[in-house]
$ cat my_file-v5.pdb   # PDB, C-alpha atoms and all ligand atoms
ATOM      1  CA  MET I  52      -0.524  15.768   2.397
ATOM      2  CA  SER I  53      -2.449  13.116   4.247
ATOM      3  CA  VAL I  54      -1.296   9.517   4.547
ATOM      4  CA  ALA I  55      -3.402   6.769   6.142
ATOM      5  CA  PHE I  56      -3.601   3.001   6.402
ATOM      6  CA  THR I  57      -6.882   1.174   6.906
ATOM      7  CA  ALA I  58      -7.471  -1.772   9.208
ATOM      8  CA  SER I  59      -9.917  -4.615   8.672
ATOM      9  CA  ALA I  60     -12.592  -2.622  10.557
ATOM     10  CA  THR I  61     -12.805  -0.371   7.477
ATOM     11  CA  GLY I  62     -13.810  -3.496   5.549
ATOM     12  CA  ASN I  63     -12.428  -5.428   2.626
ATOM     13  CA  LEU I  64     -11.375  -3.111  -0.217
ATOM     14  CA  GLY I  65     -10.390  -5.727  -2.821
ATOM     15  CA  LEU I  66     -12.978  -6.258  -5.574
ATOM     16  CA  HIS I  67     -11.406  -9.626  -6.396
ATOM     17  CA  VAL I  68     -11.882 -11.031  -2.895
ATOM     18  CA  LEU I  69     -14.880 -13.304  -2.728
ATOM     19  CA  GLY I  70     -17.251 -13.203   0.198
ATOM     20  CA  THR I  71     -20.201 -11.324   1.515
ATOM     21  CA  SER I  72     -18.506  -7.960   1.999
ATOM     22  CA  ASP I  73     -19.257  -5.004  -0.256
ATOM     23  CA  PRO I  74     -15.853  -3.559  -1.204
ATOM     24  CA  GLN I  75     -17.424  -0.873  -3.380
ATOM     25  CA  GLU I  76     -19.419   0.462  -0.420
ATOM     26  CA  HIS I  77     -16.275   0.356   1.732
ATOM     27  CA  ARG I  78     -14.376   2.367  -0.890
ATOM     28  CA  ARG I  79     -17.150   4.976  -1.161
ATOM     29  CA  ARG I  80     -17.345   5.205   2.637
ATOM     30  CA  ILE I  81     -13.632   6.032   2.807
ATOM     31  CA  GLU I  82     -14.080   8.704   0.122
ATOM     32  CA  ARG I  83     -16.965  10.270   2.051
ATOM     33  CA  GLY I  84     -15.028  10.003   5.310
ATOM     34  CA  ILE I  85     -12.061  11.978   4.056
ATOM     35  CA  GLY I  86     -14.037  14.406   1.907
ATOM     36  CA  LEU I  87     -13.242  13.068  -1.564
ATOM     37  CA  ASP I  88     -15.616  12.880  -4.531
ATOM     38  CA  PRO I  89     -17.121   9.387  -4.915
ATOM     39  CA  GLY I  90     -15.135   7.302  -7.401
ATOM     40  CA  SER I  91     -12.090   9.593  -7.284
ATOM     41  CA  LEU I  92      -9.831   7.466  -5.074
ATOM     42  CA  LEU I  93      -7.781   5.441  -7.550
ATOM     43  CA  PHE I  94      -7.484   1.717  -6.863
ATOM     44  CA  LEU I  95      -5.317  -0.421  -9.154
ATOM     45  CA  GLU I  96      -5.743  -3.900 -10.608
ATOM     46  CA  GLN I  97      -2.639  -5.267  -8.899
ATOM     47  CA  VAL I  98      -0.662  -8.125 -10.440
ATOM     48  CA  HIS I  99       2.607  -8.329  -8.430
ATOM     49  CA  GLY I 100       4.464  -6.529 -11.214
ATOM     50  CA  THR I 101       6.696  -3.480 -11.335
ATOM     51  CA  ASP I 102       4.838  -1.092 -13.659
ATOM     52  CA  VAL I 103       4.085   2.455 -12.523
ATOM     53  CA  VAL I 104       0.944   3.991 -14.031
ATOM     54  CA  LEU I 105       0.185   7.708 -14.347
ATOM     55  CA  ALA I 106      -2.902   8.113 -12.156
ATOM     56  CA  ASP I 107      -3.969  11.384 -13.735
ATOM     57  CA  GLU I 108      -4.929   9.538 -16.909
ATOM     58  CA  ALA I 109      -7.101   6.971 -15.135
ATOM     59  CA  PRO I 110     -10.903   7.395 -15.296
ATOM     60  CA  LEU I 111     -13.070   8.224 -12.281
ATOM     61  CA  ILE I 112     -15.482   5.455 -11.294
ATOM     62  CA  PRO I 113     -19.027   6.445 -12.394
ATOM     63  CA  MET I 114     -21.779   6.239  -9.784
ATOM     64  CA  ASN I 115     -23.639   2.907  -9.700
ATOM     65  CA  SER I 116     -20.893   0.997 -11.512
ATOM     66  CA  SER I 117     -20.935  -2.718 -10.835
ATOM     67  CA  ALA I 118     -17.926  -4.334  -9.177
ATOM     68  CA  GLU I 119     -16.990  -5.839 -12.557
ATOM     69  CA  GLU I 120     -17.199  -2.422 -14.234
ATOM     70  CA  GLU I 121     -15.163  -0.765 -11.495
ATOM     71  CA  ARG I 122     -12.542  -3.483 -11.727
ATOM     72  CA  ALA I 123     -12.362  -3.181 -15.531
ATOM     73  CA  LEU I 124     -11.688   0.576 -15.228
ATOM     74  CA  ALA I 125      -8.749   0.088 -12.864
ATOM     75  CA  PRO I 126      -5.288   0.427 -14.439
ATOM     76  CA  VAL I 127      -3.294  -2.830 -14.321
ATOM     77  CA  ALA I 128      -0.201  -1.881 -12.316
ATOM     78  CA  ASP I 129       1.388  -2.185  -8.892
ATOM     79  CA  ALA I 130       2.353   1.453  -8.491
ATOM     80  CA  ALA I 131       0.714   4.745  -9.385
ATOM     81  CA  LEU I 132       2.017   8.269  -9.609
ATOM     82  CA  THR I 133       0.109  11.535  -9.676
ATOM     83  CA  LYS I 134       1.361  14.966 -10.741
ATOM     84  CA  HIS I 135      -1.965  16.649 -10.022
ATOM     85  CA  GLY I 136      -3.025  15.427  -6.605
ATOM     86  CA  ARG I 137      -5.232  12.481  -7.599
ATOM     87  CA  PRO I 138      -6.163  10.545  -4.426
ATOM     88  CA  LEU I 139      -4.461   7.135  -4.487
ATOM     89  CA  ALA I 140      -4.969   3.781  -2.755
ATOM     90  CA  ILE I 141      -2.811   0.654  -2.702
ATOM     91  CA  MET I 142      -4.175  -2.670  -1.422
ATOM     92  CA  THR I 143      -2.342  -5.323   0.564
ATOM     93  CA  ALA I 144      -2.749  -8.272   2.911
ATOM     94  CA  ASP I 145       0.834  -9.137   4.033
ATOM     95  CA  CYS I 146       2.669  -7.334   1.190
ATOM     96  CA  LEU I 147       3.962  -3.811   1.839
ATOM     97  CA  PRO I 148       1.804  -0.795   1.126
ATOM     98  CA  VAL I 149       4.279   2.002   0.358
ATOM     99  CA  ILE I 150       3.377   5.663  -0.018
ATOM    100  CA  VAL I 151       5.896   8.235  -1.225
ATOM    101  CA  THR I 152       5.302  11.965  -0.983
ATOM    102  CA  SER I 153       7.359  14.875  -2.279
ATOM    103  CA  SER I 154       7.801  18.499  -1.347
ATOM    104  CA  ASN I 155       5.176  19.329  -3.994
ATOM    105  CA  PRO I 156       1.747  18.456  -2.485
ATOM    106  CA  LEU I 157       0.425  17.488  -5.942
ATOM    107  CA  ILE I 158       3.171  14.936  -6.692
ATOM    108  CA  TYR I 159       3.153  11.585  -4.858
ATOM    109  CA  ALA I 160       2.991   7.846  -5.483
ATOM    110  CA  VAL I 161       1.873   4.513  -4.055
ATOM    111  CA  ALA I 162       3.337   1.039  -4.539
ATOM    112  CA  HIS I 163       2.391  -2.560  -3.714
ATOM    113  CA  ALA I 164       5.617  -4.314  -2.801
ATOM    114  CA  GLY I 165       5.446  -7.994  -2.013
ATOM    115  CA  ARG I 166       8.335 -10.407  -2.404
ATOM    116  CA  GLN I 167       8.142 -10.356  -6.205
ATOM    117  CA  GLY I 168       7.616  -6.628  -6.602
ATOM    118  CA  LEU I 169      10.381  -5.826  -4.165
ATOM    119  CA  LEU I 170      12.897  -8.198  -5.774
ATOM    120  CA  HIS I 171      12.055  -7.023  -9.280
ATOM    121  CA  GLY I 172      12.261  -3.321  -8.526
ATOM    122  CA  VAL I 173       8.809  -1.810  -8.081
ATOM    123  CA  LEU I 174      10.164   0.663  -5.521
ATOM    124  CA  PRO I 175      13.116   1.974  -7.594
ATOM    125  CA  ASN I 176      10.677   2.288 -10.525
ATOM    126  CA  ALA I 177       8.285   4.373  -8.435
ATOM    127  CA  ILE I 178      11.079   6.574  -7.087
ATOM    128  CA  GLU I 179      12.523   7.103 -10.564
ATOM    129  CA  SER I 180       9.080   8.037 -11.911
ATOM    130  CA  LEU I 181       8.511  10.486  -9.064
ATOM    131  CA  ARG I 182      11.835  12.182  -9.671
ATOM    132  CA  ALA I 183      11.195  12.309 -13.435
ATOM    133  CA  ALA I 184       7.894  14.044 -12.623
ATOM    134  CA  GLY I 185       9.746  16.669 -10.598
ATOM    135  CA  GLY I 186       9.321  15.175  -7.123
ATOM    136  CA  THR I 187      12.009  16.216  -4.623
ATOM    137  CA  ASP I 188      12.628  15.617  -0.907
ATOM    138  CA  LEU I 189      10.920  12.220  -1.140
ATOM    139  CA  GLN I 190       9.506  10.662   2.014
ATOM    140  CA  ALA I 191       8.131   7.128   2.221
ATOM    141  CA  TRP I 192       5.640   5.535   4.599
ATOM    142  CA  ILE I 193       5.726   1.745   4.856
ATOM    143  CA  GLY I 194       2.417   0.464   6.190
ATOM    144  CA  PRO I 195       1.449  -2.747   7.970
ATOM    145  CA  SER I 196       2.811  -5.950   6.424
ATOM    146  CA  ILE I 197       3.944  -9.423   7.455
ATOM    147  CA  CYS I 198       7.164  -9.147   9.477
ATOM    148  CA  GLY I 199      10.393 -11.073   9.030
ATOM    149  CA  ARG I 200       9.704 -13.241  12.082
ATOM    150  CA  CYS I 201       6.472 -14.498  10.488
ATOM    151  CA  TYR I 202       7.244 -14.661   6.753
ATOM    152  CA  GLU I 203       8.564 -18.180   6.262
ATOM    153  CA  VAL I 204       9.812 -19.210   2.798
ATOM    154  CA  PRO I 205      11.561 -22.290   1.308
ATOM    155  CA  PRO I 206      15.371 -22.233   1.749
ATOM    156  CA  ASP I 207      16.162 -21.761  -1.951
ATOM    157  CA  MET I 208      13.702 -18.859  -2.187
ATOM    158  CA  ALA I 209      15.419 -17.167   0.754
ATOM    159  CA  HIS I 210      18.781 -17.815  -0.895
ATOM    160  CA  ASP I 211      17.713 -16.332  -4.235
ATOM    161  CA  ALA I 212      16.159 -13.291  -2.556
ATOM    162  CA  GLU I 213      19.317 -12.676  -0.504
ATOM    163  CA  ALA I 214      21.387 -12.669  -3.720
ATOM    164  CA  LYS I 215      19.178  -9.901  -5.135
ATOM    165  CA  LEU I 216      18.659  -7.840  -1.960
ATOM    166  CA  PRO I 217      21.373  -8.577   0.595
ATOM    167  CA  GLY I 218      20.009  -8.528   4.141
ATOM    168  CA  ILE I 219      16.475  -9.605   3.238
ATOM    169  CA  ALA I 220      16.994 -13.212   4.438
ATOM    170  CA  VAL I 221      16.326 -13.732   8.146
ATOM    171  CA  LYS I 222      15.276 -16.486  10.545
ATOM    172  CA  THR I 223      11.622 -16.689  11.483
ATOM    173  CA  ARG I 224      10.343 -17.103  15.041
ATOM    174  CA  TRP I 225      10.356 -20.836  14.291
ATOM    175  CA  GLY I 226      14.049 -20.790  13.307
ATOM    176  CA  SER I 227      13.266 -21.451   9.651
ATOM    177  CA  PRO I 228      14.310 -19.377   6.601
ATOM    178  CA  GLY I 229      12.345 -16.157   6.280
ATOM    179  CA  LEU I 230      12.298 -12.832   4.481
ATOM    180  CA  ASP I 231      12.062  -9.418   6.118
ATOM    181  CA  LEU I 232      10.278  -7.427   3.428
ATOM    182  CA  PRO I 233       9.800  -4.178   5.399
ATOM    183  CA  ALA I 234      13.457  -4.021   6.466
ATOM    184  CA  ALA I 235      14.593  -4.692   2.892
ATOM    185  CA  ALA I 236      12.252  -2.032   1.529
ATOM    186  CA  GLU I 237      13.432   0.478   4.100
ATOM    187  CA  LYS I 238      17.070  -0.206   3.247
ATOM    188  CA  GLN I 239      16.392   0.030  -0.489
ATOM    189  CA  LEU I 240      14.474   3.303  -0.154
ATOM    190  CA  ARG I 241      17.176   4.857   2.019
ATOM    191  CA  SER I 242      19.833   3.825  -0.527
ATOM    192  CA  LEU I 243      17.798   5.741  -3.102
ATOM    193  CA  GLY I 244      17.920   8.843  -0.938
ATOM    194  CA  VAL I 245      14.360   8.581   0.393
ATOM    195  CA  GLU I 246      13.496   9.320   4.016
ATOM    196  CA  VAL I 247      11.520   6.417   5.503
ATOM    197  CA  HIS I 248       8.819   6.459   8.194
ATOM    198  CA  ARG I 249       7.897   3.171   9.821
ATOM    199  CA  LYS I 250       7.753   3.454  13.550
ATOM    200  CA  VAL I 251       4.117   4.310  14.251
ATOM    201  CA  ILE I 252       2.711   1.805  11.783
ATOM    202  CA  ASN I 253       5.260  -0.927  12.278
ATOM    203  CA  GLU I 254       2.658  -3.658  12.663
ATOM    204  CA  CYS I 255       2.548  -7.271  11.513
ATOM    205  CA  THR I 256      -0.511  -8.335   9.512
ATOM    206  CA  PHE I 257       0.097 -11.993  10.379
ATOM    207  CA  GLU I 258       0.143 -11.321  14.130
ATOM    208  CA  GLN I 259      -2.653  -8.782  14.407
ATOM    209  CA  ASP I 260      -6.243  -9.916  14.012
ATOM    210  CA  ASP I 261      -7.441  -6.410  13.129
ATOM    211  CA  LEU I 262      -5.439  -6.448   9.879
ATOM    212  CA  PHE I 263      -6.073  -8.696   6.873
ATOM    213  CA  SER I 264      -3.416 -11.368   6.307
ATOM    214  CA  HIS I 265      -3.425 -13.608   3.254
ATOM    215  CA  ARG I 266      -1.222 -16.129   5.058
ATOM    216  CA  ARG I 267      -3.131 -16.247   8.327
ATOM    217  CA  ALA I 268      -6.624 -16.129   6.836
ATOM    218  CA  PRO I 269      -6.736 -16.254   3.006
ATOM    219  CA  GLY I 270      -9.702 -14.718   1.207
ATOM    220  CA  GLN I 271     -10.765 -12.358   4.007
ATOM    221  CA  GLY I 272      -9.900  -9.101   2.313
ATOM    222  CA  ARG I 273      -7.484  -6.288   1.614
ATOM    223  CA  ILE I 274      -6.484  -3.285   3.664
ATOM    224  CA  ALA I 275      -5.120  -0.193   1.915
ATOM    225  CA  GLY I 276      -2.642   2.612   2.139
ATOM    226  CA  LEU I 277      -4.178   5.958   1.167
ATOM    227  CA  VAL I 278      -2.708   9.310   0.186
ATOM    228  CA  TRP I 279      -4.557  12.460  -0.754
ATOM    229  CA  ARG I 280      -4.120  16.205  -0.797
ATOM    230  CA  ARG I 281      -4.219  17.975   2.490
ATOM    231  CA  GLY I 282      -7.062  20.427   2.840
ATOM    232  CA  HIS I 283      -9.948  18.061   3.437
ATOM    233  CA  GLN I 284     -10.796  17.848   7.127
ATOM    234  CA  SER I 285     -11.235  14.218   7.973
ATOM    235  CA  ALA I 286     -14.765  13.391   9.043
ATOM    236  CA  SER I 287     -13.807  10.005  10.406
ATOM    237  CA  SER I 288     -13.832   9.641  14.152
ATOM    238  CA  ARG I 289     -11.532   6.669  13.653
ATOM    239  CA  THR I 290      -8.715   8.862  12.382
ATOM    240  CA  GLU I 291      -5.980   9.528  14.853
ATOM    241  CA  SER I 292      -2.864  11.567  14.404
ATOM    242  CA  MET I 293       0.120   9.503  13.311
ATOM    243  CA  THR I 294       2.728  12.080  12.416
ATOM    244  CA  ASP I 295       2.512  15.756  11.639
ATOM    245  CA  GLU I 296       2.095  14.741   8.020
ATOM    246  CA  GLY I 297      -0.061  11.684   8.283
ATOM    247  CA  ASP I 298      -3.034   9.932   9.802
ATOM    248  CA  VAL I 299      -3.843   6.336  10.463
ATOM    249  CA  LEU I 300      -7.341   4.944  10.080
ATOM    250  CA  THR I 301      -7.943   2.204  12.609
TER
HETATM  251 ZN    ZN I 401       0.524  -8.579  -2.664
HETATM  252 ZN    ZN I 402       5.039 -10.969  12.475
END
$ encode --input "my_file-v5.pdb" --output "structure tokens"
Amino acid sequence: MSVAFTASATGNLGLHVLGTSDPQEHRRRIERGIGLDPGSLLFLEQVHGTDVVLADEAPLIPMNSSAEEERALAPVADAALTKHGRPLAIMTADCLPVIVTSSNPLIYAVAHAGRQGLLHGVLPNAIESLRAAGGTDLQAWIGPSICGRCYEVPPDMAHDAEAKLPGIAVKTRWGSPGLDLPAAAEKQLRSLGVEVHRKVINECTFEQDDLFSHRRAPGQGRIAGLVWRRGHQSASSRTESMTDEGDVLT
């Protein structure tokens, strides 16, 4: 199994982000770089919900599709599960990109967990779906997101979040109410019996200029977490070893 997270150098991957970038070309370049068929890496139409879609039923993107056509083919969901090794992507720019693998190399999932998704249970939904599909020995990778020292929220929002996920409320670097999404996700995943990997990719999108951040610079783009079947030698010179089971694209 290969797990990777892109940086802004890979380019904007969100079709909904306005600007001069060509997200379709960036998506196809990633597919070529890691040896996947063009149009096979599944991107979702993300809506900050909690639904988990079965990726194996989603169509491939035909060559020469327009951005509108590609977007219309994307399942509307914030998590996807495959039982047959479909390559998956999950887009973020401050929210958490979460990838969960199992002992079966064909069964894995991705999830987009921002404040809303996290509080409403997108991660337990994804874990439950993986287990229902036969996934065992689950391991999660939490990619770059905004950190608790940078994610400032109104006091009542912090209060409500703390009631749902105790421990999520923190103080920011400015001493104001904040939420630590990655710590809360890690705690929640561990409570569900999932092993969590964070250390190598424990980066803050708000603080690092080479990652897209919706808060720091809205409308610039989306980075992505990627997971695909091992067996394709990566052709990207920008891939460096992250763990014995993962890579990070920088
Ligand atoms: Zn988000
Ligand atoms: Zn930060």
$ resolve_selection --input "my_file-v5.pdb" --expression "the PyMOL selection byres (((not hetatm)) within 8 of (chain I and resi 402))" --output "MDAnalysis selection string"
chainID I and resid 197:202 254:258
$ residues_near_ligand --input "my_file-v5.pdb" --ligand "ligand ZN 401 (chain I)" --cutoff "6 Å" --atoms "only C-alpha atoms and all ligand atoms" --output "PyMOL selection string"
chain I and resi 143+146+165
$ atom_distance --input "my_file-v5.pdb" --atom1 "atom CA of Met208 of chain I" --atom2 "atom CA of Gly226 of chain I"
15.6 Å
$ resolve_selection --input "my_file-v5.pdb" --expression "the PyMOL selection byres (((chain I and resi 175-179) around 12) and not hetatm)" --output "count of residues only"
54
$ residues_around --input "my_file-v5.pdb" --residues "Leu124 of chain I" --least-positions-apart "4" --cutoff "9 Å" --atoms "only C-alpha atoms" --output "ChimeraX atom specification"
/I:95-96,109-112,119-120
$ write_last_selection --input "my_file-v5.pdb" --atoms "C-alpha atoms" --output "PDB file, in the frame of the given file"
ATOM      1  CA  LEU I  95      -5.317  -0.421  -9.154  1.00  0.00           C
ATOM      2  CA  GLU I  96      -5.743  -3.900 -10.608  1.00  0.00           C
ATOM      3  CA  ALA I 109      -7.101   6.971 -15.135  1.00  0.00           C
ATOM      4  CA  PRO I 110     -10.903   7.395 -15.296  1.00  0.00           C
ATOM      5  CA  LEU I 111     -13.070   8.224 -12.281  1.00  0.00           C
ATOM      6  CA  ILE I 112     -15.482   5.455 -11.294  1.00  0.00           C
ATOM      7  CA  GLU I 119     -16.990  -5.839 -12.557  1.00  0.00           C
ATOM      8  CA  GLU I 120     -17.199  -2.422 -14.234  1.00  0.00           C
TER       9      GLU I 120
END
$ residues_around --input "my_file-v5.pdb" --residues "Gln259 of chain I" --least-positions-apart "4" --cutoff "12 Å" --atoms "only C-alpha atoms" --output "list in words"
Ala58, Ser59, Ala144, Asp145, Pro195, Ser196, Ile197, Cys198, Cys201, Asn253, Glu254, Cys255, Phe263, Ser264, Arg266, Arg267 and Ala268 of chain I
$ closest_residue --input "my_file-v5.pdb" --among "I:Leu87, I:Val278, I:Ala209, I:Ala60" --to "Asp260 of chain I" --atoms "all atoms listed in the file"
I:Ala60
$ closest_residue --input "my_file-v5.pdb" --among "I:Leu139, I:Leu66, I:Ala123, I:Leu216" --to "Gln167 of chain I" --atoms "only C-alpha atoms"
I:Leu216
$ atom_distance --input "my_file-v5.pdb" --atom1 "atom CA of Gly65 of chain I" --atom2 "atom CA of Leu157 of chain I"
25.8 Å
$ atom_distance --input "my_file-v5.pdb" --atom1 "atom CA of Ile141 of chain I" --atom2 "atom CA of Asp207 of chain I"
29.4 Å
$ closest_residue --input "my_file-v5.pdb" --among "I:Thr57, I:Asn63, I:Asn155, I:Ser91" --to "Ala125 of chain I" --atoms "all atoms listed in the file"
I:Ser91
$ resolve_selection --input "my_file-v5.pdb" --expression "the PyMOL selection byres (((chain I and resi 137) around 7) and not hetatm)" --output "list in words"
Ala106, Asp107, Thr133, His135, Gly136, Pro138, Leu139 and Trp279 of chain I
